[in-house]
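Here is the file target-v9.txt (compact mmCIF, C-alpha atoms).
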# COMPACT_ATOMS: atom_id res chain seq x y z
CA MET A 1 -75.02 122.87 163.58
CA VAL A 2 -71.86 122.87 161.50
CA LEU A 3 -70.44 120.06 159.48
CA SER A 4 -68.19 117.68 161.35
CA THR A 5 -65.41 118.13 158.83
CA GLN A 6 -64.12 120.58 156.30
CA THR A 7 -63.73 119.34 152.76
CA SER A 8 -62.08 120.43 149.56
CA ALA A 9 -62.98 119.57 145.99
CA THR A 10 -60.90 116.40 146.17
CA THR A 11 -60.75 115.34 149.83
CA LEU A 12 -63.49 114.18 152.13
CA ASP A 13 -63.28 112.50 155.53
CA GLY A 14 -66.01 109.87 155.55
CA ALA A 15 -65.29 108.83 159.12
CA ALA A 16 -65.73 112.42 160.33
CA LEU A 17 -68.93 112.91 158.33
CA ARG A 18 -70.40 109.81 159.99
CA ARG A 19 -70.71 111.87 163.17
CA ASP A 20 -73.44 113.95 161.50
CA PHE A 21 -75.63 110.85 161.02
CA PRO A 22 -77.26 109.66 164.26
CA ILE A 23 -78.24 106.23 162.95
CA LEU A 24 -74.59 105.47 162.15
CA ASN A 25 -73.54 106.25 165.71
CA GLN A 26 -76.01 104.13 167.66
CA PRO A 27 -74.52 101.88 170.36
CA GLN A 28 -74.26 98.26 169.29
CA PRO A 29 -74.66 95.14 171.41
CA GLU A 30 -71.43 93.94 172.94
CA GLY A 31 -69.27 92.27 170.33
CA ARG A 32 -71.22 93.63 167.36
CA PRO A 33 -69.27 95.99 165.09
CA PRO A 34 -70.59 99.41 164.03
CA LEU A 35 -73.08 99.50 161.18
CA ALA A 36 -71.50 99.45 157.73
CA PHE A 37 -74.33 100.93 155.71
CA LEU A 38 -73.86 100.02 152.06
CA ASP A 39 -77.41 100.51 150.82
CA SER A 40 -77.58 104.24 150.14
CA ALA A 41 -78.70 103.58 146.56
CA ALA A 42 -81.99 102.46 148.11
CA SER A 43 -82.26 105.19 150.77
CA SER A 44 -79.51 107.26 152.32
CA GLN A 45 -79.20 108.03 156.00
CA LYS A 46 -80.11 111.47 157.34
CA PRO A 47 -77.78 113.95 159.02
CA GLU A 48 -78.68 115.80 162.19
CA GLN A 49 -79.03 119.00 160.18
CA VAL A 50 -81.93 117.59 158.15
CA ILE A 51 -83.59 116.00 161.17
CA GLN A 52 -83.38 119.32 163.03
CA ALA A 53 -84.84 121.26 160.09
CA ILE A 54 -87.92 119.03 160.07
CA ASP A 55 -88.21 119.11 163.86
CA THR A 56 -87.91 122.91 163.92
CA TYR A 57 -90.62 123.28 161.28
CA TYR A 58 -93.10 121.18 163.24
CA ARG A 59 -92.20 122.81 166.55
CA THR A 60 -92.30 126.42 165.41
CA ILE A 61 -94.24 127.19 162.19
CA ASN A 62 -96.42 124.19 161.29
CA ALA A 63 -99.58 125.35 159.49
CA ASN A 64 -101.37 124.89 156.18
CA ILE A 65 -99.88 127.02 153.43
CA HIS A 66 -100.93 129.46 150.72
CA ARG A 67 -104.32 130.20 152.31
CA GLY A 68 -104.01 131.54 155.81
CA VAL A 69 -103.28 135.19 156.48
CA TYR A 70 -102.16 134.53 160.03
CA GLU A 71 -98.51 134.54 161.04
CA LEU A 72 -97.92 130.78 161.25
CA SER A 73 -99.46 130.11 157.86
CA GLU A 74 -97.45 132.86 156.22
CA ALA A 75 -94.26 131.57 157.84
CA ALA A 76 -94.98 128.01 156.67
CA THR A 77 -95.72 129.29 153.16
CA ALA A 78 -92.46 131.22 153.13
CA ALA A 79 -90.53 128.13 154.27
CA TYR A 80 -92.14 125.98 151.56
CA GLU A 81 -91.42 128.42 148.76
CA ALA A 82 -87.92 129.05 150.09
CA ALA A 83 -87.36 125.31 149.84
CA ARG A 84 -88.44 125.45 146.21
CA GLN A 85 -85.95 128.24 145.52
CA THR A 86 -83.23 126.22 147.26
CA MET A 87 -83.90 123.26 144.98
CA ALA A 88 -83.94 125.49 141.90
CA THR A 89 -80.56 126.90 142.90
CA PHE A 90 -79.25 123.43 143.70
CA LEU A 91 -80.17 122.21 140.19
CA ASN A 92 -79.41 125.55 138.52
CA ALA A 93 -82.95 125.82 137.17
CA ARG A 94 -83.80 129.11 135.52
CA GLN A 95 -86.76 129.74 137.79
CA ALA A 96 -88.09 128.25 141.01
CA ARG A 97 -91.46 127.58 139.34
CA GLU A 98 -89.72 124.98 137.17
CA CYS A 99 -89.38 122.77 140.27
CA ILE A 100 -92.55 120.84 141.08
CA PHE A 101 -92.61 119.23 144.52
CA VAL A 102 -93.51 115.52 144.52
CA ARG A 103 -93.06 112.61 146.91
CA ASN A 104 -90.32 110.80 144.98
CA THR A 105 -88.87 110.07 141.55
CA THR A 106 -91.66 107.60 140.82
CA GLU A 107 -94.32 110.25 141.27
CA ALA A 108 -92.28 112.73 139.23
CA ILE A 109 -92.08 110.37 136.25
CA ASN A 110 -95.75 109.46 136.55
CA LEU A 111 -96.58 113.16 136.52
CA ALA A 112 -94.56 113.70 133.36
CA ALA A 113 -95.97 110.60 131.68
CA ASN A 114 -99.57 111.47 132.45
CA ALA A 115 -99.47 115.25 131.98
CA TRP A 116 -96.94 115.57 129.14
CA GLY A 117 -97.50 112.13 127.62
CA ARG A 118 -101.27 112.39 127.33
CA SER A 119 -100.96 115.78 125.65
CA ASN A 120 -98.19 114.91 123.23
CA LEU A 121 -98.30 111.23 122.32
CA THR A 122 -100.55 109.56 119.77
CA ALA A 123 -100.89 106.01 118.52
CA ASN A 124 -98.53 106.82 115.65
CA ASP A 125 -95.69 108.04 117.89
CA ARG A 126 -92.64 106.37 119.38
CA ILE A 127 -90.60 106.93 122.51
CA VAL A 128 -87.17 105.56 123.42
CA LEU A 129 -86.25 104.10 126.82
CA THR A 130 -83.38 101.80 127.89
CA VAL A 131 -83.08 98.26 129.18
CA MET A 132 -81.34 99.53 132.32
CA GLU A 133 -84.28 101.59 133.58
CA HIS A 134 -85.75 101.32 137.06
CA HIS A 135 -89.32 100.11 136.84
CA SER A 136 -90.42 103.66 137.68
CA ASN A 137 -89.29 104.75 134.22
CA LEU A 138 -90.86 101.76 132.50
CA VAL A 139 -94.22 101.01 134.08
CA PRO A 140 -95.80 104.51 133.70
CA TRP A 141 -94.99 104.43 129.99
CA HIS A 142 -96.28 100.86 129.65
CA MET A 143 -99.54 101.88 131.29
CA LEU A 144 -99.89 104.91 129.03
CA ARG A 145 -99.06 102.83 125.95
CA GLU A 146 -101.95 100.51 126.79
CA GLU A 147 -104.30 103.49 126.57
CA ILE A 148 -102.82 105.40 123.63
CA GLY A 149 -101.05 102.76 121.57
CA PHE A 150 -97.67 104.39 120.84
CA SER A 151 -94.52 102.32 120.38
CA ILE A 152 -91.56 101.98 122.76
CA ASP A 153 -88.04 101.20 121.58
CA TYR A 154 -85.22 100.28 123.97
CA ILE A 155 -81.51 101.04 123.92
CA PRO A 156 -79.62 97.78 124.65
CA LEU A 157 -76.37 97.26 126.52
CA THR A 158 -72.89 96.74 125.16
CA ASP A 159 -70.74 93.87 126.42
CA ASP A 160 -69.29 96.36 128.93
CA HIS A 161 -72.75 97.03 130.39
CA GLN A 162 -73.07 100.52 128.94
CA LEU A 163 -75.79 101.85 126.66
CA ASP A 164 -75.18 101.04 123.01
CA MET A 165 -74.87 104.50 121.48
CA THR A 166 -74.77 103.13 117.94
CA VAL A 167 -78.20 101.59 118.39
CA TYR A 168 -79.37 104.77 120.11
CA ALA A 169 -78.45 106.81 117.06
CA GLN A 170 -80.36 104.37 114.87
CA LEU A 171 -83.45 104.59 117.09
CA LEU A 172 -83.37 108.38 116.86
CA GLU A 173 -83.71 108.07 113.09
CA GLN A 174 -87.28 106.92 113.79
CA LYS A 175 -88.03 110.42 115.15
CA PRO A 176 -89.29 109.55 118.65
CA LYS A 177 -91.25 112.13 120.61
CA LEU A 178 -89.40 111.42 123.88
CA VAL A 179 -86.21 109.82 125.14
CA GLY A 180 -86.22 108.73 128.79
CA PHE A 181 -83.21 107.30 130.59
CA ALA A 182 -81.46 107.06 133.94
CA HIS A 183 -78.49 109.31 134.57
CA VAL A 184 -77.05 106.48 136.68
CA SER A 185 -78.31 102.90 136.82
CA ASN A 186 -79.49 102.03 140.31
CA ALA A 187 -78.67 98.37 139.72
CA ILE A 188 -75.18 98.39 138.18
CA GLY A 189 -73.99 101.97 138.63
CA ALA A 190 -73.50 102.72 134.92
CA LEU A 191 -73.13 106.48 134.38
CA ASN A 192 -74.73 107.71 131.18
CA ASP A 193 -73.59 110.77 129.23
CA VAL A 194 -76.67 112.93 129.70
CA ALA A 195 -75.34 115.93 127.79
CA ALA A 196 -74.43 113.90 124.70
CA MET A 197 -77.62 111.85 124.73
CA THR A 198 -79.71 114.99 125.17
CA ARG A 199 -78.02 116.76 122.26
CA MET A 200 -78.67 113.76 120.05
CA ALA A 201 -82.30 113.56 121.14
CA HIS A 202 -82.92 117.27 120.58
CA ASP A 203 -81.32 117.08 117.15
CA ALA A 204 -83.86 114.37 116.35
CA GLY A 205 -86.73 116.50 117.69
CA ALA A 206 -87.31 114.50 120.88
CA ALA A 207 -87.91 115.75 124.40
CA VAL A 208 -85.69 114.29 127.15
CA LEU A 209 -86.65 112.97 130.57
CA VAL A 210 -83.84 111.98 132.95
CA ASP A 211 -84.21 109.83 136.06
CA ALA A 212 -81.61 111.50 138.28
CA ALA A 213 -82.45 109.68 141.50
CA GLN A 214 -78.98 108.09 141.58
CA SER A 215 -76.97 111.05 140.31
CA VAL A 216 -78.20 114.17 142.09
CA PRO A 217 -77.11 112.86 145.53
CA HIS A 218 -73.61 112.02 144.33
CA MET A 219 -72.37 114.58 141.81
CA PRO A 220 -73.10 118.09 140.53
CA VAL A 221 -76.14 118.18 138.22
CA ASP A 222 -76.85 121.36 136.27
CA VAL A 223 -80.13 121.18 134.36
CA GLN A 224 -79.29 124.19 132.20
CA ALA A 225 -75.88 122.86 131.21
CA LEU A 226 -77.37 119.44 130.45
CA ASP A 227 -80.35 121.06 128.67
CA VAL A 228 -82.74 118.30 129.77
CA ASP A 229 -86.47 118.91 129.42
CA PHE A 230 -87.50 116.98 132.53
CA LEU A 231 -85.46 115.66 135.46
CA ALA A 232 -86.76 113.63 138.40
CA LEU A 233 -85.20 113.14 141.82
CA SER A 234 -85.99 111.73 145.28
CA GLY A 235 -85.11 113.39 148.56
CA HIS A 236 -84.64 110.14 150.46
CA LYS A 237 -81.62 109.20 148.34
CA MET A 238 -79.90 112.57 148.92
CA VAL A 239 -79.88 112.58 152.75
CA GLY A 240 -83.37 114.12 152.74
CA PRO A 241 -86.64 112.75 154.12
CA MET A 242 -88.82 110.14 152.52
CA GLY A 243 -91.86 111.69 150.87
CA SER A 244 -89.90 114.51 149.25
CA GLY A 245 -88.74 115.04 145.69
CA VAL A 246 -88.76 117.24 142.61
CA LEU A 247 -89.81 117.08 139.01
CA TYR A 248 -87.85 119.75 137.15
CA GLY A 249 -89.33 120.79 133.84
CA LYS A 250 -88.62 123.57 131.41
CA ARG A 251 -91.17 126.30 132.01
CA GLU A 252 -92.58 126.31 128.47
CA LEU A 253 -93.27 122.57 128.67
CA LEU A 254 -94.84 122.71 132.13
CA GLU A 255 -97.08 125.62 131.18
CA ALA A 256 -98.43 123.67 128.22
CA MET A 257 -99.24 120.57 130.30
CA PRO A 258 -102.64 119.86 131.91
CA PRO A 259 -102.81 118.97 135.62
CA TYR A 260 -102.00 115.47 136.77
CA MET A 261 -104.39 115.51 139.78
CA GLY A 262 -107.38 117.67 140.66
CA GLY A 263 -108.39 119.21 143.95
CA GLY A 264 -107.43 122.05 146.22
CA SER A 265 -104.48 124.37 145.62
CA MET A 266 -104.18 123.68 141.89
CA ILE A 267 -107.22 125.76 140.84
CA ARG A 268 -107.78 129.34 139.82
CA LYS A 269 -111.57 129.15 139.92
CA VAL A 270 -114.17 126.42 140.34
CA THR A 271 -117.85 126.68 139.41
CA LEU A 272 -120.49 124.04 138.92
CA ASP A 273 -119.81 124.33 135.22
CA GLY A 274 -116.08 123.73 135.33
CA THR A 275 -112.61 124.60 136.56
CA THR A 276 -109.80 126.85 135.49
CA PHE A 277 -106.34 125.90 136.69
CA ALA A 278 -103.62 127.76 138.54
CA ASP A 279 -100.27 128.66 137.04
CA ILE A 280 -97.24 126.45 137.56
CA PRO A 281 -96.04 125.12 139.95
CA ALA A 282 -99.36 125.11 141.87
CA ARG A 283 -101.11 123.44 138.91
CA PHE A 284 -99.25 120.22 139.69
CA GLU A 285 -99.41 120.30 143.51
CA ALA A 286 -103.00 119.41 144.34
CA GLY A 287 -103.94 119.11 148.00
CA THR A 288 -102.04 119.86 151.17
CA PRO A 289 -98.36 119.19 150.47
CA ALA A 290 -95.74 117.58 152.70
CA VAL A 291 -94.35 120.95 153.73
CA ALA A 292 -91.98 119.68 156.41
CA ASP A 293 -90.56 117.04 154.07
CA GLN A 294 -89.77 119.62 151.39
CA VAL A 295 -88.21 121.88 154.02
CA GLY A 296 -86.11 118.87 154.99
CA LEU A 297 -85.23 118.31 151.33
CA ALA A 298 -83.94 121.88 151.10
CA ALA A 299 -81.87 121.28 154.23
CA ALA A 300 -80.45 118.18 152.55
CA ALA A 301 -79.52 120.19 149.46
CA ASP A 302 -77.80 122.74 151.67
CA TYR A 303 -75.93 119.96 153.45
CA LEU A 304 -74.72 118.43 150.18
CA THR A 305 -73.65 121.85 148.93
CA ALA A 306 -71.68 122.46 152.13
CA VAL A 307 -69.93 119.09 151.91
CA GLY A 308 -69.31 119.60 148.20
CA LEU A 309 -70.75 117.39 145.48
CA GLU A 310 -67.44 117.23 143.65
CA ALA A 311 -65.82 116.03 146.87
CA ILE A 312 -68.54 113.43 147.33
CA ARG A 313 -68.01 112.17 143.79
CA GLU A 314 -64.24 111.94 144.25
CA HIS A 315 -64.65 110.17 147.60
CA GLU A 316 -66.99 107.57 146.12
CA LEU A 317 -64.69 106.98 143.15
CA GLU A 318 -61.79 106.44 145.55
CA LEU A 319 -63.84 103.87 147.49
CA LEU A 320 -64.94 102.24 144.24
CA ASP A 321 -61.36 102.00 143.03
CA TYR A 322 -60.27 100.50 146.35
CA ALA A 323 -63.15 98.03 146.30
CA MET A 324 -62.28 96.96 142.76
CA GLU A 325 -58.77 96.23 143.94
CA GLN A 326 -59.88 94.17 146.95
CA LEU A 327 -62.96 92.30 145.73
CA PRO A 328 -61.17 90.09 143.16
CA SER A 329 -59.61 88.26 146.10
CA VAL A 330 -63.07 86.76 146.79
CA PRO A 331 -63.50 83.43 144.96
CA HIS A 332 -66.56 82.95 142.73
CA LEU A 333 -67.38 86.67 142.64
CA THR A 334 -68.81 88.08 139.40
CA MET A 335 -69.29 91.86 139.17
CA TYR A 336 -71.52 93.76 136.78
CA GLY A 337 -71.18 97.26 135.37
CA PRO A 338 -68.74 99.21 133.20
CA GLU A 339 -65.05 98.42 133.67
CA ASP A 340 -64.16 102.09 133.23
CA LEU A 341 -64.70 103.53 136.72
CA SER A 342 -65.16 107.04 135.33
CA LYS A 343 -68.33 105.72 133.68
CA ARG A 344 -69.96 104.42 136.82
CA SER A 345 -71.04 105.51 140.29
CA GLY A 346 -70.21 104.06 143.68
CA VAL A 347 -72.41 100.99 143.12
CA ILE A 348 -71.14 97.42 142.89
CA SER A 349 -73.59 94.73 141.84
CA PHE A 350 -72.40 91.13 142.01
CA THR A 351 -73.19 87.46 142.34
CA LEU A 352 -71.25 84.98 144.44
CA GLY A 353 -71.14 81.61 142.71
CA SER A 354 -74.22 79.51 143.43
CA ILE A 355 -75.15 81.39 146.60
CA HIS A 356 -78.46 83.19 146.25
CA PRO A 357 -78.04 86.98 146.56
CA HIS A 358 -80.48 87.06 149.48
CA ASP A 359 -78.37 84.51 151.33
CA VAL A 360 -75.27 86.62 150.69
CA ALA A 361 -77.09 89.64 152.12
CA ALA A 362 -78.17 87.63 155.16
CA ILE A 363 -74.59 86.53 155.90
CA LEU A 364 -73.43 90.15 155.59
CA ASP A 365 -76.22 91.31 157.88
CA GLY A 366 -74.85 88.94 160.49
CA GLU A 367 -71.67 91.04 160.31
CA ASN A 368 -73.74 94.25 160.60
CA ILE A 369 -73.18 95.11 156.94
CA ALA A 370 -76.28 96.40 155.16
CA VAL A 371 -76.52 95.67 151.42
CA ARG A 372 -79.41 95.14 149.01
CA ALA A 373 -80.28 91.89 147.23
CA GLY A 374 -82.82 91.21 144.50
CA HIS A 375 -83.66 92.55 141.06
CA HIS A 376 -83.44 96.18 142.27
CA CYS A 377 -86.66 97.11 140.47
CA ALA A 378 -84.81 96.52 137.20
CA GLN A 379 -85.97 93.12 135.97
CA PRO A 380 -85.32 93.82 132.25
CA LEU A 381 -81.74 94.74 133.14
CA MET A 382 -81.32 91.55 135.16
CA ALA A 383 -82.58 89.59 132.14
CA ALA A 384 -80.07 91.37 129.90
CA LEU A 385 -77.30 90.41 132.34
CA GLY A 386 -78.47 86.80 132.38
CA VAL A 387 -79.26 86.71 136.10
CA VAL A 388 -82.39 86.76 138.23
CA ALA A 389 -80.92 88.90 140.97
CA THR A 390 -77.69 90.35 142.34
CA THR A 391 -76.34 91.59 145.63
CA ARG A 392 -75.61 95.32 145.57
CA ALA A 393 -73.26 97.39 147.72
CA SER A 394 -73.50 101.16 147.30
CA PHE A 395 -71.20 103.81 148.74
CA TYR A 396 -71.89 107.32 149.97
CA MET A 397 -70.05 110.14 151.68
CA TYR A 398 -70.14 108.47 155.10
CA ASN A 399 -68.50 105.23 153.97
CA THR A 400 -64.82 104.42 154.44
CA ARG A 401 -62.20 101.91 153.35
CA ASP A 402 -63.00 99.99 156.52
CA ASP A 403 -66.51 99.38 155.18
CA VAL A 404 -64.95 97.95 152.02
CA ASP A 405 -62.62 95.72 154.02
CA ARG A 406 -65.55 94.43 156.06
CA LEU A 407 -67.54 93.74 152.88
CA VAL A 408 -64.68 91.70 151.46
CA ALA A 409 -64.28 89.76 154.71
CA GLY A 410 -68.03 89.14 154.83
CA LEU A 411 -68.02 87.71 151.31
CA HIS A 412 -65.16 85.38 152.21
CA LYS A 413 -67.26 84.22 155.16
CA ALA A 414 -70.28 83.63 152.87
CA ASN A 415 -68.12 81.38 150.71
CA GLU A 416 -67.01 79.47 153.79
CA VAL A 417 -70.55 79.07 155.15
CA PHE A 418 -71.80 77.68 151.83
CA GLY A 419 -68.75 75.55 151.18
CA GLN A 420 -67.47 77.60 148.23
CA VAL A 421 -63.73 77.61 148.78

Rewrite the structure from the file as structure tokens, please.
Amino acid sequence: MVLSTQTSATTLDGAALRRDFPILNQPQPEGRPPLAFLDSAASSQKPEQVIQAIDTYYRTINANIHRGVYELSEAATAAYEAARQTMATFLNARQARECIFVRNTTEAINLAANAWGRSNLTANDRIVLTVMEHHSNLVPWHMLREEIGFSIDYIPLTDDHQLDMTVYAQLLEQKPKLVGFAHVSNAIGALNDVAAMTRMAHDAGAAVLVDAAQSVPHMPVDVQALDVDFLALSGHKMVGPMGSGVLYGKRELLEAMPPYMGGGSMIRKVTLDGTTFADIPARFEAGTPAVADQVGLAAAADYLTAVGLEAIREHELELLDYAMEQLPSVPHLTMYGPEDLSKRSGVISFTLGSIHPHDVAAILDGENIAVRAGHHCAQPLMAALGVVATTRASFYMYNTRDDVDRLVAGLHKANEVFGQV
């Protein structure tokens, strides 16, 4: 299939792109408007091209990989390794072996924490994280700290809901072993300066791990230009299938790390006396992998490349700018995140007076508008903002100004329903 629309670096037709996404084109009951899907920060929808890639794999070449010498197995192996090369090209990794296939960003960070962390951290060490992290970049380090005893420092927020770079510089004076942070906050959309933060960390002798789950789907990400040591991403947020993802790591770091899990595929030789391990990336991919899901992830990367990540970024910024113009008309609305739109993604997190965020989401659902409500797996960030939860609307390539208009109208209705006028 071909894309439903042609794009340039600065123009993108969200309404035309919607035609590539079957779930956005389902018939609705009489009187119910089309789905306005504003929860792509949780999981994006999937285009026909990705669905077909997975379907074709299962229909034509499904087999276990790396072992069989028969035609199907060799074809499946070739598809799996081609998907790895596609992801390496997509991220501009130096080598395909620097891309380890995982199920999601959570697994990627757990892999890094357990394999790199156990080998490099001692009770006398420190690492630096931030208060805006998703729990996936907090809990693995908390668990490891309980075992090893190292210290964790946290970069706080400024009044404008950005990371406090002055405090960050002070924390680096303590010579941490690792700095881990989100490229983009899933909860408030704050966009962090990865290149600058990485330079500062490297100057202080620290390795850098970036949670790129919310950035890779929405903007160009070049791991060589950013010079990060580790980068984690999820396929399901970048129009790919659930159960797919990548941990990128610099080759020299990966080669020095022990395996995260043991079993088939990750061994060189096993005897009753012990095991020797395979080279990367196999060392970190124990057991039968989700081959079709990684093939689908590669198809998603190809789709995003064809649409144009710069065009996607510009489209989302245009929608964000429009939303920021329209939303202030809603009484009792409080929005969170940087005021400078160039320092945020297409995510708007808000509260609506005394109405619970889940009630706001329920009213919007009645208008066939899908948003997320809760703490967004970022409870320390919610505490820093002084709230328990927010409602979150997140934009992607298939959203339009009409979706924004419907969101605004839905929030006015929520105020009416709860007597906030």

Where does stretch 286-360 of chain A meet stretch 174-196 of chain A within 10 Å, residue by residue, with the nearest atom pair and distance in Å to one decimal for each, counting all atoms listed in the file, listed by chain and rising number, as a tab-separated table?
residue	atom	partner	partner_atom	distance
A:Met335	CA	A:Ile188	CA	8.8
A:Tyr336	CA	A:Ile188	CA	6.1
A:Gly337	CA	A:Ile188	CA	5.0
A:Pro338	CA	A:Ala190	CA	6.2
A:Glu339	CA	A:Ala190	CA	9.6
A:Asp340	CA	A:Ala190	CA	9.5
A:Leu341	CA	A:Ala190	CA	9.0
A:Ser342	CA	A:Leu191	CA	8.0
A:Lys343	CA	A:Leu191	CA	4.9
A:Arg344	CA	A:Ala190	CA	4.4
A:Ser345	CA	A:Gly189	CA	4.9
A:Gly346	CA	A:Gly189	CA	6.6
A:Val347	CA	A:Gly189	CA	4.9
A:Ile348	CA	A:Ile188	CA	6.3
A:Ser349	CA	A:Ile188	CA	5.4
A:Phe350	CA	A:Ile188	CA	8.7

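Shortest separation to A:Leu247 among A:Ala414, A:Cys99, A:Val408, A:Ile61 occurs at residue A:Cys99, atoms counted being only C-alpha atoms.
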
A:Pro217 surroundings by only C-alpha atoms, 12 Å radius, close-in-sequence under 4 positions cut, as an MDAnalysis selection string: chainID A and resid 40:45 90:91 183:184 212:213 221 233:240 245 297 300:305 307:313 316 345:346 395:397

Produce a table with one row for each residue of stretch 19-40 of chain A that has an atom at most 10 Å from any atom of stretch 356-366 of chain A, each row naming the nearest atom pair and its distance in Å at one decimal; use all atoms listed in the file; arrange rows by chain and rising residue number; format as a Markdown table.
| residue | atom | partner | partner_atom | distance |
| --- | --- | --- | --- | --- |
| A:Arg32 | CA | A:Gly366 | CA | 9.1 |
| A:Leu35 | CA | A:Asp365 | CA | 9.4 |
| A:Ala36 | CA | A:Asp365 | CA | 9.4 |

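Picture a line from atom CA of A:Asp125 to atom CA of A:Gly149; it runs 8.4 Å.
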
Atom CA of A:Thr390 to atom CA of A:Ile23, straight-line distance in Å: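 Atom CA of A:Thr390 lies 26.0 Å from atom CA of A:Ile23.
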
Shell of 7 Å around A:Met132, only C-alpha atoms, local chain residues under 6 positions omitted, as a PyMOL selection string: chain A and resi 185+378+380-381

Between atom CA of A:Gln379 and atom CA of A:Leu129, distance in Å (one decimal): 14.3 Å

Stretch 250-260 of chain A environment, 9 Å, all atoms listed in the file, sequence neighbours closer than 3 positions dropped, as a list of chain:residue names: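 The contact residues come out as A:Ala93, A:Arg94, A:Gln95, A:Arg97, A:Glu98, A:Cys99, A:Asn110, A:Leu111, A:Ala112, A:Asn114, A:Ala115, A:Trp116, A:Arg118, A:Ser119, A:Val228, A:Asp229, A:Phe230, A:Met266, A:Phe277, A:Asp279, A:Ile280, A:Pro281, A:Arg283, A:Phe284, A:Glu285, A:Ala286.
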
Selected residue of minimal separation from A:Lys46 among A:Ile155, A:Ala201, A:Leu163, A:Ala299, counting only C-alpha atoms: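 For A:Lys46, the nearest of the given residues is A:Ala299.
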
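In terms of minimum interatomic distance to A:Glu367, A:Pro34 ranks closest within A:Thr86, A:Ala63, A:Pro34, A:Leu17, counting only C-alpha atoms.
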
Would you mind completing stretch 77-88 of chain A so that it carries N, CA and C atoms, and writing it out as a PDB file, keeping the file's coordinate frame?
ATOM      1  N   THR A  77     -95.745 129.057 154.602  1.00  0.00           N
ATOM      2  CA  THR A  77     -95.720 129.290 153.160  1.00  0.00           C
ATOM      3  C   THR A  77     -94.351 129.771 152.710  1.00  0.00           C
ATOM      4  N   ALA A  78     -93.783 130.686 153.472  1.00  0.00           N
ATOM      5  CA  ALA A  78     -92.460 131.220 153.130  1.00  0.00           C
ATOM      6  C   ALA A  78     -91.407 130.125 153.166  1.00  0.00           C
ATOM      7  N   ALA A  79     -91.501 129.218 154.154  1.00  0.00           N
ATOM      8  CA  ALA A  79     -90.530 128.130 154.270  1.00  0.00           C
ATOM      9  C   ALA A  79     -90.657 127.172 153.082  1.00  0.00           C
ATOM     10  N   TYR A  80     -91.883 126.902 152.681  1.00  0.00           N
ATOM     11  CA  TYR A  80     -92.140 125.980 151.560  1.00  0.00           C
ATOM     12  C   TYR A  80     -91.598 126.554 150.255  1.00  0.00           C
ATOM     13  N   GLU A  81     -91.882 127.816 150.000  1.00  0.00           N
ATOM     14  CA  GLU A  81     -91.420 128.420 148.760  1.00  0.00           C
ATOM     15  C   GLU A  81     -89.917 128.694 148.789  1.00  0.00           C
ATOM     16  N   ALA A  82     -89.374 128.927 149.971  1.00  0.00           N
ATOM     17  CA  ALA A  82     -87.920 129.050 150.090  1.00  0.00           C
ATOM     18  C   ALA A  82     -87.246 127.725 149.759  1.00  0.00           C
ATOM     19  N   ALA A  83     -87.893 126.628 150.169  1.00  0.00           N
ATOM     20  CA  ALA A  83     -87.360 125.310 149.840  1.00  0.00           C
ATOM     21  C   ALA A  83     -87.362 125.089 148.328  1.00  0.00           C
ATOM     22  N   ARG A  84     -88.391 125.582 147.661  1.00  0.00           N
ATOM     23  CA  ARG A  84     -88.440 125.450 146.210  1.00  0.00           C
ATOM     24  C   ARG A  84     -87.300 126.236 145.561  1.00  0.00           C
ATOM     25  N   GLN A  85     -87.046 127.436 146.059  1.00  0.00           N
ATOM     26  CA  GLN A  85     -85.950 128.240 145.520  1.00  0.00           C
ATOM     27  C   GLN A  85     -84.601 127.561 145.781  1.00  0.00           C
ATOM     28  N   THR A  86     -84.466 126.943 146.961  1.00  0.00           N
ATOM     29  CA  THR A  86     -83.230 126.220 147.260  1.00  0.00           C
ATOM     30  C   THR A  86     -82.999 125.100 146.262  1.00  0.00           C
ATOM     31  N   MET A  87     -84.049 124.357 145.935  1.00  0.00           N
ATOM     32  CA  MET A  87     -83.900 123.260 144.980  1.00  0.00           C
ATOM     33  C   MET A  87     -83.616 123.782 143.571  1.00  0.00           C
ATOM     34  N   ALA A  88     -84.222 124.899 143.216  1.00  0.00           N
ATOM     35  CA  ALA A  88     -83.940 125.490 141.900  1.00  0.00           C
ATOM     36  C   ALA A  88     -82.476 125.911 141.815  1.00  0.00           C
TER      37      ALA A  88
END
